[in-house]
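Peer 1: Please find one structure pasted underneath; my questions will follow.
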Amino acid sequence: RDERKGDTDKEKIQSAKIPQPGAKEIELLCEYARWLTSFPVAVKHFLRPEERLGWDDTAYYKKQRFEIGPLLCDEDANHIMLSYEDERGQAVFDRNAKRVRDPPLVVLNRLHELSYDIAHHDYDEDNKGSFNPTPQQRAAFFQQLNNQINILCASFGTMERIKNTPLPFVYVIHLRSILLLYLFLWNMTSIASIGWVALPALFAFNLSMLGIEAASVECERPFDWNSNHLTMGKFCILIARNIAQAMKEVRY
């Protein structure tokens with residue numbers, strides 16, 4: 001009996017009509033994926049220093065627009081990139097002007113708006129009564145989407161704190177002073193007791209100790225443009241590929 005009941009349940013599931021997505025539903029899903037893919041790009045350019053050798057405002061603007069690419073239209077892309085205002089209050093891309101908004105927050109606000117549209121979309125209109133979520137289901141879905149967006153917001157806030165929290169100046173000065181004093185006295189003592197033969201070993205030891213101090217300074221801000229900092233461009237590409245793969249494997 002249990003086997004027959006299981007076969008009957010499988011037949012009911014297979015014969016059940018799965019609601020097909022309408023054009024509006026697909027449009028909402030694709031727009032949400034586009035803005036979600038744009039989020040790491042906005043975070044990258046916000047965390048990295050605005051000044052880079054050999055880059056003017058035009059080159060920096062073109063790089064950001066190239067990385068966003070066809071994900072967003074020019075109006076939406078400019079709304080993210082033009083985060084400065086001139087004296088007349090017009091949005092410009094001038095890093096010497098006053099910053100009035102943070103690009104990652106612009107993307108997060110848009111994701112919140114899209115999550116509301118997705119959760120409260122009229123699915124019954126496209127599926128002709130085959131699928132109509134209850135208000136409780138809509139609220140739960142909207143809450144779940146917002147929880148995921150809040151996780152992105154918390155992660156962005158953590159990275160922003162890392163960027164804006166340098167090592168205390170007194171700690172850096174004290175560490176460097178003690179290190180240089182120690183190396184100077186140790187080198188003088190070694191040369192006095194062993195002679196100039198100790199120079200190669202002293203040079204290697206001094207280089208290693210100063211390298212450790214320099215590495216601590218580099219780790220203080222991991223979002224710079226140097227090659228030994230975080231490869232945030234590769235992170236953005238990986239996230240974009242993961243979102244594209246998830247979109248291809250979506251089952252309606």
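Please note that chains go A, B, ... in the order of the structure tokens, that every chain numbers its residues from 1, and that ligands are numbered from 1 in the order shown.
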Excluding same-chain residues fewer than 6 positions from Leu202 of chain A, what lies within 12 Å of it counting only C-alpha atoms, as a PyMOL selection string?
Peer 2: chain A and resi 183-191+194-196+208-209
Peer 1: I need the residue nearest Tyr116 of chain A from this list: A:Leu28, A:Leu47, A:Ile68, A:Ala201. Use only C-alpha atoms for the distance.
Peer 2: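 With only C-alpha atoms as the atom set, the closest residue is A:Leu28.
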Peer 1: Need to verify the contact set: Val43 of chain A, 10 Å, only C-alpha atoms, exclusion of same-chain residues closer than 6 positions in sequence. Can you return it as a PyMOL selection string?
Peer 2: chain A and resi 102-105+107+156+159-160+232+236
Peer 1: Between atom CA of Glu25 of chain A and atom CA of Ala119 of chain A, what is the distance in Å, rounded to a tenth?
Peer 2: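 Atom-to-atom, atom CA of Glu25 of chain A and atom CA of Ala119 of chain A are spaced 10.5 Å apart.
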Peer 1: Which one of A:Asn206, A:Asn164, A:Asn226, A:Gln143 sits closest to Leu181 of chain A if you count only C-alpha atoms?
Peer 2: A:Asn206
Peer 1: Kindly give the distance, in Å, that separates atom CA of Glu213 of chain A and atom CA of Leu199 of chain A, rounded to a single decimal.
Peer 2: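 Answer for the atom CA of Glu213 of chain A to atom CA of Leu199 of chain A separation: 21.0 Å.
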Peer 1: Between A:Tyr61, A:Tyr84, A:Phe141, A:Phe223, which one has atoms that come closest to Arg101 of chain A, using only C-alpha atoms?
Peer 2: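 Of A:Tyr61, A:Tyr84, A:Phe141, A:Phe223, the one nearest Arg101 of chain A is A:Tyr84, counting only C-alpha atoms.
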Peer 1: Identify which of the residues A:Ala23, A:Ala154, A:Ile118, A:Ile80 lies closest to His45 of chain A, counting only C-alpha atoms when measuring atom-to-atom distances.
Peer 2: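 Among the listed residues, the smallest separation from His45 of chain A belongs to A:Ile80.
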Peer 1: Run DSSP on the backbone of this structure and report the residues of segment 21-233 of chain A it assigns to helix (DSSP H, G or I), as JSON, numbers by chain.
Peer 2: {"A": [23, 24, 25, 26, 27, 28, 29, 30, 31, 32, 33, 34, 35, 36, 37, 38, 39, 40, 41, 42, 43, 44, 45, 46, 47, 57, 58, 59, 60, 61, 62, 63, 64, 65, 66, 67, 68, 69, 70, 71, 74, 75, 76, 77, 78, 79, 80, 81, 103, 104, 105, 106, 107, 108, 109, 110, 111, 112, 113, 114, 115, 116, 117, 118, 119, 123, 124, 125, 126, 127, 135, 136, 137, 138, 139, 140, 141, 142, 143, 144, 145, 146, 147, 148, 149, 150, 151, 152, 153, 154, 155, 156, 157, 158, 159, 160, 161, 162, 163, 164, 169, 170, 171, 172, 173, 174, 175, 176, 177, 178, 179, 180, 181, 182, 183, 184, 185, 186, 187, 188, 189, 190, 191, 192, 193, 196, 197, 198, 199, 200, 201, 202, 203, 204, 205, 206, 207, 208, 209, 210, 211, 212, 213, 214, 215, 216, 217, 218, 219, 220, 232, 233]}
Peer 1: Tell me, as a PyMOL selection string, which residues lie within 10 Å of Tyr60 of chain A, counting only C-alpha atoms; anything in the same chain fewer than 3 positions away does not count.
Peer 2: chain A and resi 45+50-52+55-57+63-66+93+95
